[in-house]
Amino acid sequence: MINLKKILLLTTGGTIASTGRKEGLIPTYSAYDLLECVPELLFMASIHGIDIMKVDSSNMQPEYWRDIAIAVHRHYDAYDGFVITHGTDTIGYTSAALSYMLQGLSKPIVVTGAQKPISYFDTDAKKNLRLAVQFALKGLSGVFVAFGGKIILGTRAMKLRTRSYDAFVSVNYPYIAYLERDFLRVFTEHVPNNTGQFKLDISLNTNVLLVKLFPGFQPEIFDYAALNCQGVIVESFGVGGIPFEKRDVAAKIMDLALSGVSVVITTQCLEDGVNLDIYHVGKRLAGHPIISARDMNTEAILAKLMWALGKTSNQRKIKSIMEQPIAGDQNRQAELSFKN
Ligand code: ASP
């Protein structure tokens, strides 16, 4: 008898599990409904299923990330790997959150979804599920996203395209694996090392604000944040530009940070990250307790900030957690190189 590896399929909803109703697409399929659509999976692994929730991922909440992490933790010892089905809209946030909440992983957690429901004849769901299981069977540790023939590190996944089957990109990080015809080329050297004992770490504080600057941005918007938020993420221009002429956004951000709010500066650009030391419009913030997002993507920054704020209210400690690379989420060197 062949000893197949044990995989637990956890479902959360999303298009992959949806069926068409007159109200629109609604997630209805269970784990076993999904498995029935891809019967060959049962020759690849011994797969059990558990339905955690059935939501469109636009409705995914930070509290639900916890439920997913708890489900993995509860069944951790009994399985060799985990595949989680999820709506594509917020996969990047969930995969990042799981990367922080599940510390010291020594098994694969692979999140996947689809642009079209699994019951459609032209669905991408079956390919993505097959890819997720195939990659989970490699036994590499960490959280990953499997989509469109590619495997992306959980802290680096971003939905770039609303309709394409090739919807996701890996931001500022090499792909962990990709399909070449039917062969899965895996780059194990890109999988970050996980140290320490496996543990569940689900602290969260969701009082954060994410703001994108634009020409004409009114700095007074931050007055609301000063009263109501513990953390603010600012998507600045380019490598870290923050306006100070006419509308002095930089001064307001400095006041916000000095009032005790943890302020993270990132960029609106998809690639290369921020470096506040380059231009005058960024350097003005130097010496303030501002957090540099380096080359992290917004999804990871948001999940990490909520997670860090859940552990402590000490601004210095939050800065140190945010600027410490976790689960491959940032590359310190990225800040050192100017432009090339
Ligand atoms: N709105 C859906 C969701 O995120 C989209 C998808 O799954 O592709 O749940």
# chains A, B, ... in the order shown; residues from 1 in each chain; ligands from 1
$ residues_near_ligand --ligand "ligand 1" --cutoff "7 Å" --atoms "only C-alpha atoms and all ligand atoms" --output "list in words"
Gly13, Gly14, Thr15, Ile16, Val55, Asp56, Ser57, Ser58, His86, Gly87, Thr88, Asp89, Thr90, Gly113, Ala114, Gln115 and Lys116 of chain A
$ write_last_selection --atoms "all heavy atoms" --output "mmCIF file, in the first residue's frame"
data_model
loop_
_atom_site.group_PDB
_atom_site.id
_atom_site.type_symbol
_atom_site.label_atom_id
_atom_site.label_comp_id
_atom_site.auth_asym_id
_atom_site.auth_seq_id
_atom_site.Cartn_x
_atom_site.Cartn_y
_atom_site.Cartn_z
ATOM 1 N N GLY A 13 -14.420 30.157 1.343
ATOM 2 C CA GLY A 13 -15.363 30.786 0.401
ATOM 3 C C GLY A 13 -14.645 31.281 -0.832
ATOM 4 O O GLY A 13 -13.743 30.627 -1.338
ATOM 5 N N GLY A 14 -15.044 32.455 -1.340
ATOM 6 C CA GLY A 14 -14.421 33.014 -2.545
ATOM 7 C C GLY A 14 -15.085 32.509 -3.822
ATOM 8 O O GLY A 14 -15.937 31.611 -3.791
ATOM 9 N N THR A 15 -14.659 33.068 -4.928
ATOM 10 C CA THR A 15 -15.213 32.682 -6.236
ATOM 11 C C THR A 15 -15.040 31.194 -6.502
ATOM 12 O O THR A 15 -15.923 30.538 -7.054
ATOM 13 C CB THR A 15 -14.510 33.485 -7.353
ATOM 14 O OG1 THR A 15 -14.827 34.854 -7.163
ATOM 15 C CG2 THR A 15 -14.956 33.053 -8.729
ATOM 16 N N ILE A 16 -13.892 30.659 -6.110
ATOM 17 C CA ILE A 16 -13.598 29.245 -6.367
ATOM 18 C C ILE A 16 -14.758 28.356 -5.911
ATOM 19 O O ILE A 16 -15.101 27.367 -6.551
ATOM 20 C CB ILE A 16 -12.263 28.836 -5.685
ATOM 21 C CG1 ILE A 16 -11.833 27.429 -6.093
ATOM 22 C CG2 ILE A 16 -12.301 28.954 -4.172
ATOM 23 C CD1 ILE A 16 -10.399 27.084 -5.699
ATOM 24 N N VAL A 55 -17.285 32.944 2.828
ATOM 25 C CA VAL A 55 -17.440 34.381 2.591
ATOM 26 C C VAL A 55 -16.774 34.792 1.285
ATOM 27 O O VAL A 55 -15.800 34.183 0.844
ATOM 28 C CB VAL A 55 -16.830 35.241 3.739
ATOM 29 C CG1 VAL A 55 -17.576 35.062 5.035
ATOM 30 C CG2 VAL A 55 -15.338 34.972 3.929
ATOM 31 N N ASP A 56 -17.342 35.816 0.680
ATOM 32 C CA ASP A 56 -16.625 36.504 -0.382
ATOM 33 C C ASP A 56 -15.475 37.204 0.341
ATOM 34 O O ASP A 56 -15.696 37.824 1.388
ATOM 35 C CB ASP A 56 -17.560 37.536 -1.026
ATOM 36 C CG ASP A 56 -16.908 38.246 -2.201
ATOM 37 O OD1 ASP A 56 -15.900 38.963 -1.985
ATOM 38 O OD2 ASP A 56 -17.416 38.098 -3.317
ATOM 39 N N SER A 57 -14.279 37.155 -0.201
ATOM 40 C CA SER A 57 -13.152 37.653 0.605
ATOM 41 C C SER A 57 -13.141 39.165 0.757
ATOM 42 O O SER A 57 -12.363 39.706 1.536
ATOM 43 C CB SER A 57 -11.811 37.140 0.071
ATOM 44 O OG SER A 57 -11.380 37.875 -1.031
ATOM 45 N N SER A 58 -14.030 39.875 0.047
ATOM 46 C CA SER A 58 -14.190 41.308 0.343
ATOM 47 C C SER A 58 -14.736 41.465 1.762
ATOM 48 O O SER A 58 -14.574 42.506 2.386
ATOM 49 C CB SER A 58 -15.167 41.964 -0.628
ATOM 50 O OG SER A 58 -14.787 41.695 -1.938
ATOM 51 N N HIS A 86 -9.681 30.407 -0.816
ATOM 52 C CA HIS A 86 -9.950 31.773 -0.364
ATOM 53 C C HIS A 86 -10.333 32.612 -1.578
ATOM 54 O O HIS A 86 -9.857 32.357 -2.683
ATOM 55 C CB HIS A 86 -8.642 32.305 0.257
ATOM 56 C CG HIS A 86 -8.741 33.546 1.064
ATOM 57 N ND1 HIS A 86 -8.987 34.785 0.526
ATOM 58 C CD2 HIS A 86 -8.599 33.740 2.398
ATOM 59 C CE1 HIS A 86 -8.992 35.696 1.496
ATOM 60 N NE2 HIS A 86 -8.751 35.088 2.647
ATOM 61 N N GLY A 87 -11.128 33.652 -1.384
ATOM 62 C CA GLY A 87 -11.411 34.591 -2.468
ATOM 63 C C GLY A 87 -10.143 35.316 -2.869
ATOM 64 O O GLY A 87 -9.276 35.565 -2.030
ATOM 65 N N THR A 88 -10.052 35.672 -4.154
ATOM 66 C CA THR A 88 -8.792 36.268 -4.610
ATOM 67 C C THR A 88 -8.619 37.722 -4.157
ATOM 68 O O THR A 88 -7.491 38.205 -4.064
ATOM 69 C CB THR A 88 -8.682 36.226 -6.154
ATOM 70 O OG1 THR A 88 -9.775 36.965 -6.705
ATOM 71 C CG2 THR A 88 -8.693 34.809 -6.665
ATOM 72 N N ASP A 89 -9.740 38.402 -3.890
ATOM 73 C CA ASP A 89 -9.633 39.852 -3.636
ATOM 74 C C ASP A 89 -8.723 40.196 -2.464
ATOM 75 O O ASP A 89 -8.043 41.221 -2.493
ATOM 76 C CB ASP A 89 -11.027 40.458 -3.404
ATOM 77 C CG ASP A 89 -11.852 40.466 -4.679
ATOM 78 O OD1 ASP A 89 -11.267 40.293 -5.766
ATOM 79 O OD2 ASP A 89 -13.081 40.637 -4.595
ATOM 80 N N THR A 90 -8.743 39.391 -1.426
ATOM 81 C CA THR A 90 -7.913 39.739 -0.257
ATOM 82 C C THR A 90 -6.970 38.609 0.172
ATOM 83 O O THR A 90 -6.510 38.579 1.310
ATOM 84 C CB THR A 90 -8.797 40.178 0.942
ATOM 85 O OG1 THR A 90 -9.619 39.085 1.349
ATOM 86 C CG2 THR A 90 -9.679 41.370 0.596
ATOM 87 N N GLY A 113 -7.079 30.140 -4.811
ATOM 88 C CA GLY A 113 -8.435 30.577 -5.143
ATOM 89 C C GLY A 113 -8.597 30.479 -6.642
ATOM 90 O O GLY A 113 -7.854 29.746 -7.298
ATOM 91 N N ALA A 114 -9.561 31.211 -7.188
ATOM 92 C CA ALA A 114 -9.752 31.153 -8.632
ATOM 93 C C ALA A 114 -10.504 32.391 -9.097
ATOM 94 O O ALA A 114 -11.207 33.029 -8.319
ATOM 95 C CB ALA A 114 -10.545 29.903 -9.003
ATOM 96 N N GLN A 115 -10.339 32.705 -10.358
ATOM 97 C CA GLN A 115 -11.077 33.828 -10.945
ATOM 98 C C GLN A 115 -12.472 33.389 -11.388
ATOM 99 O O GLN A 115 -13.352 34.220 -11.535
ATOM 100 C CB GLN A 115 -10.306 34.387 -12.152
ATOM 101 C CG GLN A 115 -8.983 35.057 -11.809
ATOM 102 C CD GLN A 115 -9.164 36.472 -11.289
ATOM 103 O OE1 GLN A 115 -10.004 36.721 -10.413
ATOM 104 N NE2 GLN A 115 -8.383 37.410 -11.794
ATOM 105 N N LYS A 116 -12.637 32.078 -11.632
ATOM 106 C CA LYS A 116 -13.959 31.581 -12.051
ATOM 107 C C LYS A 116 -14.341 30.406 -11.171
ATOM 108 O O LYS A 116 -13.486 29.582 -10.807
ATOM 109 C CB LYS A 116 -13.904 31.110 -13.510
ATOM 110 C CG LYS A 116 -13.594 32.219 -14.491
ATOM 111 C CD LYS A 116 -14.580 32.247 -15.644
ATOM 112 C CE LYS A 116 -14.329 33.453 -16.523
ATOM 113 N NZ LYS A 116 -14.078 33.109 -17.912
#
$ closest_atom_pairs --of "segment 208-267 of chain A" --to "segment 309-320 of chain A" --cutoff "12 Å" --atoms "only C-alpha atoms" --output "Markdown table"
| residue | atom | partner | partner_atom | distance |
| --- | --- | --- | --- | --- |
| A:Val208 | CA | A:Leu309 | CA | 9.1 |
| A:Cys229 | CA | A:Leu309 | CA | 10.6 |
| A:Gln230 | CA | A:Leu309 | CA | 7.5 |
| A:Gly231 | CA | A:Leu309 | CA | 7.5 |
| A:Val232 | CA | A:Leu309 | CA | 11.0 |
| A:Leu256 | CA | A:Gln315 | CA | 11.9 |
| A:Ala257 | CA | A:Gln315 | CA | 8.9 |
| A:Leu258 | CA | A:Gln315 | CA | 9.8 |
| A:Ser259 | CA | A:Gln315 | CA | 10.1 |
| A:Gly260 | CA | A:Gln315 | CA | 6.5 |
| A:Val261 | CA | A:Gln315 | CA | 7.3 |
| A:Ser262 | CA | A:Gln315 | CA | 6.1 |
| A:Val263 | CA | A:Lys319 | CA | 8.8 |
| A:Val264 | CA | A:Lys319 | CA | 8.6 |
| A:Ile265 | CA | A:Lys319 | CA | 11.5 |
$ closest_residue --among "A:Pro192, A:Lys6, A:Asp122, A:Gly92" --to "Ser106 of chain A" --atoms "only C-alpha atoms"
A:Pro192
$ residues_around --residues "Glu235 of chain A" --least-positions-apart "3" --cutoff "7 Å" --atoms "only C-alpha atoms" --output "list in words"
Val211, Lys212, Leu213, Ile265, Thr266, Thr267 and Gln268 of chain A
$ closest_residue --among "A:Thr298, A:Val72, A:Ile26, A:Leu42" --to "Leu4 of chain A" --atoms "only C-alpha atoms"
A:Leu42
$ residues_around --residues "Ala157 of chain A" --least-positions-apart "6" --cutoff "9 Å" --atoms "only C-alpha atoms" --output "list in words"
Ile91, Gly92, Tyr93, Ser95, Ala96, Phe144, Val145, Phe168, Val169, Ser170, Val171, Asn297, Glu299 and Ala300 of chain A
$ write_last_selection --atoms "all heavy atoms" --output "short mmCIF file (atom, residue, chain, number, x, y, z; two decimals), in the first residue's frame"
data_model
loop_
_atom_site.label_atom_id
_atom_site.label_comp_id
_atom_site.auth_asym_id
_atom_site.auth_seq_id
_atom_site.Cartn_x
_atom_site.Cartn_y
_atom_site.Cartn_z
N ILE A 91 -6.66 37.72 -0.77
CA ILE A 91 -5.71 36.63 -0.45
C ILE A 91 -4.40 37.19 0.12
O ILE A 91 -3.84 36.67 1.08
CB ILE A 91 -5.36 35.78 -1.69
CG1 ILE A 91 -6.41 34.70 -1.94
CG2 ILE A 91 -4.00 35.08 -1.52
CD1 ILE A 91 -6.01 33.70 -3.00
N GLY A 92 -3.90 38.27 -0.48
CA GLY A 92 -2.60 38.81 -0.09
C GLY A 92 -2.58 39.24 1.38
O GLY A 92 -1.56 39.09 2.06
N TYR A 93 -3.69 39.80 1.85
CA TYR A 93 -3.77 40.21 3.26
C TYR A 93 -3.78 38.97 4.16
O TYR A 93 -3.10 38.92 5.18
CB TYR A 93 -5.04 41.02 3.52
CG TYR A 93 -5.08 42.36 2.81
CD1 TYR A 93 -5.68 42.51 1.57
CD2 TYR A 93 -4.51 43.49 3.40
CE1 TYR A 93 -5.73 43.73 0.93
CE2 TYR A 93 -4.55 44.73 2.76
CZ TYR A 93 -5.16 44.84 1.52
OH TYR A 93 -5.19 46.05 0.88
N SER A 95 -2.77 35.86 3.47
CA SER A 95 -1.53 35.06 3.46
C SER A 95 -0.46 35.76 4.28
O SER A 95 0.33 35.11 4.98
CB SER A 95 -1.06 34.79 2.02
OG SER A 95 -0.76 36.00 1.36
N ALA A 96 -0.45 37.12 4.25
CA ALA A 96 0.52 37.84 5.08
C ALA A 96 0.18 37.66 6.56
O ALA A 96 1.04 37.34 7.38
CB ALA A 96 0.54 39.32 4.70
N PHE A 144 2.35 30.22 1.60
CA PHE A 144 2.55 30.50 0.18
C PHE A 144 1.20 30.74 -0.49
O PHE A 144 0.16 30.28 0.00
CB PHE A 144 3.22 29.31 -0.52
CG PHE A 144 4.49 28.86 0.15
CD1 PHE A 144 4.47 27.87 1.15
CD2 PHE A 144 5.71 29.44 -0.18
CE1 PHE A 144 5.63 27.47 1.79
CE2 PHE A 144 6.88 29.05 0.46
CZ PHE A 144 6.84 28.05 1.44
N VAL A 145 1.24 31.41 -1.62
CA VAL A 145 0.04 31.56 -2.45
C VAL A 145 0.30 30.81 -3.76
O VAL A 145 1.36 31.00 -4.38
CB VAL A 145 -0.27 33.05 -2.73
CG1 VAL A 145 -1.40 33.19 -3.75
CG2 VAL A 145 -0.64 33.77 -1.43
N PHE A 168 -1.92 37.24 -9.96
CA PHE A 168 -1.05 37.61 -8.84
C PHE A 168 0.41 37.81 -9.24
O PHE A 168 0.91 37.13 -10.12
CB PHE A 168 -1.12 36.55 -7.74
CG PHE A 168 -2.40 36.68 -6.95
CD1 PHE A 168 -3.57 36.09 -7.41
CD2 PHE A 168 -2.45 37.43 -5.80
CE1 PHE A 168 -4.75 36.24 -6.72
CE2 PHE A 168 -3.63 37.60 -5.10
CZ PHE A 168 -4.79 36.99 -5.56
N VAL A 169 1.03 38.74 -8.53
CA VAL A 169 2.48 38.93 -8.71
C VAL A 169 3.16 38.81 -7.36
O VAL A 169 2.55 39.02 -6.31
CB VAL A 169 2.84 40.30 -9.33
CG1 VAL A 169 2.53 40.33 -10.79
CG2 VAL A 169 2.19 41.45 -8.57
N SER A 170 4.44 38.50 -7.42
CA SER A 170 5.27 38.49 -6.24
C SER A 170 5.97 39.85 -6.20
O SER A 170 6.66 40.22 -7.15
CB SER A 170 6.30 37.35 -6.34
OG SER A 170 7.12 37.37 -5.20
N VAL A 171 5.78 40.60 -5.13
CA VAL A 171 6.30 41.96 -5.07
C VAL A 171 7.68 41.98 -4.42
O VAL A 171 7.84 41.55 -3.27
CB VAL A 171 5.32 42.86 -4.26
CG1 VAL A 171 5.86 44.28 -4.16
CG2 VAL A 171 3.95 42.87 -4.91
N ASN A 297 5.11 44.99 0.71
CA ASN A 297 3.89 45.39 0.00
C ASN A 297 2.81 45.78 1.01
O ASN A 297 2.86 45.38 2.18
CB ASN A 297 3.41 44.29 -0.96
CG ASN A 297 3.29 42.95 -0.31
OD1 ASN A 297 4.21 42.52 0.37
ND2 ASN A 297 2.17 42.28 -0.46
N GLU A 299 -0.22 44.95 1.59
CA GLU A 299 -0.96 43.88 2.28
C GLU A 299 -0.20 43.41 3.52
O GLU A 299 -0.77 43.24 4.59
CB GLU A 299 -1.18 42.69 1.33
CG GLU A 299 -2.14 42.94 0.19
CD GLU A 299 -1.49 43.59 -1.02
OE1 GLU A 299 -0.41 44.19 -0.91
OE2 GLU A 299 -2.10 43.51 -2.11
N ALA A 300 1.11 43.19 3.33
CA ALA A 300 1.92 42.70 4.45
C ALA A 300 2.07 43.78 5.52
O ALA A 300 2.02 43.50 6.71
CB ALA A 300 3.29 42.25 3.94
#
$ select_by_dssp --residues "segment 125-252 of chain A" --states "alpha helix (DSSP H)" --output "ChimeraX atom specification"
/A:125-136,221-228,249-252
$ residues_around --residues "Gly49 of chain A" --least-positions-apart "4" --cutoff "9 Å" --atoms "only C-alpha atoms" --output "list in words"
Ile7, Leu8, Leu9, Leu10, Thr11, Ser30, Ala31, Tyr32 and Leu35 of chain A
$ write_last_selection --atoms "all heavy atoms" --output "PDB file, in the first residue's frame"
ATOM      1  N   ILE A   7      -3.021  15.815   3.669  1.00  0.00           N
ATOM      2  CA  ILE A   7      -3.243  17.248   3.456  1.00  0.00           C
ATOM      3  C   ILE A   7      -4.624  17.606   4.006  1.00  0.00           C
ATOM      4  O   ILE A   7      -5.595  16.874   3.787  1.00  0.00           O
ATOM      5  CB  ILE A   7      -3.208  17.593   1.939  1.00  0.00           C
ATOM      6  CG1 ILE A   7      -1.858  17.237   1.306  1.00  0.00           C
ATOM      7  CG2 ILE A   7      -3.581  19.052   1.691  1.00  0.00           C
ATOM      8  CD1 ILE A   7      -0.688  18.111   1.712  1.00  0.00           C
ATOM      9  N   LEU A   8      -4.696  18.736   4.703  1.00  0.00           N
ATOM     10  CA  LEU A   8      -6.002  19.212   5.155  1.00  0.00           C
ATOM     11  C   LEU A   8      -6.428  20.385   4.271  1.00  0.00           C
ATOM     12  O   LEU A   8      -5.691  21.366   4.122  1.00  0.00           O
ATOM     13  CB  LEU A   8      -5.932  19.664   6.621  1.00  0.00           C
ATOM     14  CG  LEU A   8      -7.271  20.152   7.216  1.00  0.00           C
ATOM     15  CD1 LEU A   8      -8.335  19.052   7.184  1.00  0.00           C
ATOM     16  CD2 LEU A   8      -7.086  20.655   8.645  1.00  0.00           C
ATOM     17  N   LEU A   9      -7.595  20.249   3.655  1.00  0.00           N
ATOM     18  CA  LEU A   9      -8.149  21.324   2.826  1.00  0.00           C
ATOM     19  C   LEU A   9      -9.108  22.151   3.675  1.00  0.00           C
ATOM     20  O   LEU A   9     -10.138  21.646   4.146  1.00  0.00           O
ATOM     21  CB  LEU A   9      -8.886  20.716   1.625  1.00  0.00           C
ATOM     22  CG  LEU A   9      -9.622  21.695   0.706  1.00  0.00           C
ATOM     23  CD1 LEU A   9      -8.656  22.656   0.025  1.00  0.00           C
ATOM     24  CD2 LEU A   9     -10.427  20.934  -0.355  1.00  0.00           C
ATOM     25  N   LEU A  10      -8.754  23.414   3.876  1.00  0.00           N
ATOM     26  CA  LEU A  10      -9.598  24.312   4.677  1.00  0.00           C
ATOM     27  C   LEU A  10     -10.256  25.304   3.722  1.00  0.00           C
ATOM     28  O   LEU A  10      -9.557  25.936   2.914  1.00  0.00           O
ATOM     29  CB  LEU A  10      -8.737  25.074   5.688  1.00  0.00           C
ATOM     30  CG  LEU A  10      -8.043  24.220   6.751  1.00  0.00           C
ATOM     31  CD1 LEU A  10      -6.950  25.019   7.468  1.00  0.00           C
ATOM     32  CD2 LEU A  10      -9.060  23.706   7.768  1.00  0.00           C
ATOM     33  N   THR A  11     -11.565  25.453   3.793  1.00  0.00           N
ATOM     34  CA  THR A  11     -12.213  26.385   2.866  1.00  0.00           C
ATOM     35  C   THR A  11     -12.726  27.623   3.601  1.00  0.00           C
ATOM     36  O   THR A  11     -13.117  27.556   4.773  1.00  0.00           O
ATOM     37  CB  THR A  11     -13.402  25.743   2.118  1.00  0.00           C
ATOM     38  OG1 THR A  11     -14.462  25.521   3.051  1.00  0.00           O
ATOM     39  CG2 THR A  11     -13.019  24.433   1.473  1.00  0.00           C
ATOM     40  N   SER A  30     -18.634  23.230  -0.438  1.00  0.00           N
ATOM     41  CA  SER A  30     -17.855  22.795   0.734  1.00  0.00           C
ATOM     42  C   SER A  30     -16.509  22.239   0.240  1.00  0.00           C
ATOM     43  O   SER A  30     -16.291  22.073  -0.966  1.00  0.00           O
ATOM     44  CB  SER A  30     -18.611  21.685   1.462  1.00  0.00           C
ATOM     45  OG  SER A  30     -18.609  20.528   0.635  1.00  0.00           O
ATOM     46  N   ALA A  31     -15.656  21.878   1.186  1.00  0.00           N
ATOM     47  CA  ALA A  31     -14.363  21.275   0.837  1.00  0.00           C
ATOM     48  C   ALA A  31     -14.583  20.001   0.021  1.00  0.00           C
ATOM     49  O   ALA A  31     -13.892  19.757  -0.982  1.00  0.00           O
ATOM     50  CB  ALA A  31     -13.580  20.976   2.108  1.00  0.00           C
ATOM     51  N   TYR A  32     -15.541  19.192   0.445  1.00  0.00           N
ATOM     52  CA  TYR A  32     -15.749  17.921  -0.265  1.00  0.00           C
ATOM     53  C   TYR A  32     -16.390  18.144  -1.638  1.00  0.00           C
ATOM     54  O   TYR A  32     -16.132  17.378  -2.570  1.00  0.00           O
ATOM     55  CB  TYR A  32     -16.527  16.936   0.616  1.00  0.00           C
ATOM     56  CG  TYR A  32     -15.616  16.421   1.729  1.00  0.00           C
ATOM     57  CD1 TYR A  32     -15.698  16.941   3.030  1.00  0.00           C
ATOM     58  CD2 TYR A  32     -14.624  15.486   1.460  1.00  0.00           C
ATOM     59  CE1 TYR A  32     -14.826  16.505   4.029  1.00  0.00           C
ATOM     60  CE2 TYR A  32     -13.743  15.049   2.444  1.00  0.00           C
ATOM     61  CZ  TYR A  32     -13.849  15.573   3.725  1.00  0.00           C
ATOM     62  OH  TYR A  32     -12.968  15.149   4.698  1.00  0.00           O
ATOM     63  N   LEU A  35     -13.410  18.950  -3.747  1.00  0.00           N
ATOM     64  CA  LEU A  35     -12.617  17.732  -4.022  1.00  0.00           C
ATOM     65  C   LEU A  35     -13.279  16.856  -5.070  1.00  0.00           C
ATOM     66  O   LEU A  35     -12.606  16.236  -5.892  1.00  0.00           O
ATOM     67  CB  LEU A  35     -12.398  16.952  -2.722  1.00  0.00           C
ATOM     68  CG  LEU A  35     -11.393  17.578  -1.749  1.00  0.00           C
ATOM     69  CD1 LEU A  35     -11.381  16.821  -0.429  1.00  0.00           C
ATOM     70  CD2 LEU A  35      -9.988  17.624  -2.364  1.00  0.00           C
TER      71      LEU A  35
END
$ residues_around --residues "Arg181 of chain A" --least-positions-apart "4" --cutoff "12 Å" --atoms "only C-alpha atoms" --output "ChimeraX atom specification"
/A:149-150,185
$ select_by_dssp --residues "segment 163-301 of chain A" --states "strand (DSSP E or B)" --output "number ranges by chain"
A: 168-170, 177-180, 183-186, 199-200, 208-212, 231-237, 241, 262-267, 290-292
$ residues_around --residues "Ser141 of chain A" --least-positions-apart "2" --cutoff "10 Å" --atoms "only C-alpha atoms" --output "MDAnalysis selection string"
chainID A and resid 81 104:110 136 138:139 143:144 191:194
$ closest_residue --among "A:Gln103, A:Tyr64, A:Ala293, A:Met306" --to "Arg332 of chain A" --atoms "only C-alpha atoms"
A:Ala293
$ closest_residue --among "A:Met53, A:Val239, A:Val111, A:Leu179" --to "Asp277 of chain A" --atoms "only C-alpha atoms"
A:Val239
$ closest_residue --among "A:Gly238, A:Thr195, A:Leu209, A:Asp201" --to "Ile278 of chain A" --atoms "only C-alpha atoms"
A:Gly238
$ closest_residue --among "A:Ala45, A:Ala167, A:Ile221, A:Ile52" --to "Arg247 of chain A" --atoms "only C-alpha atoms"
A:Ile221
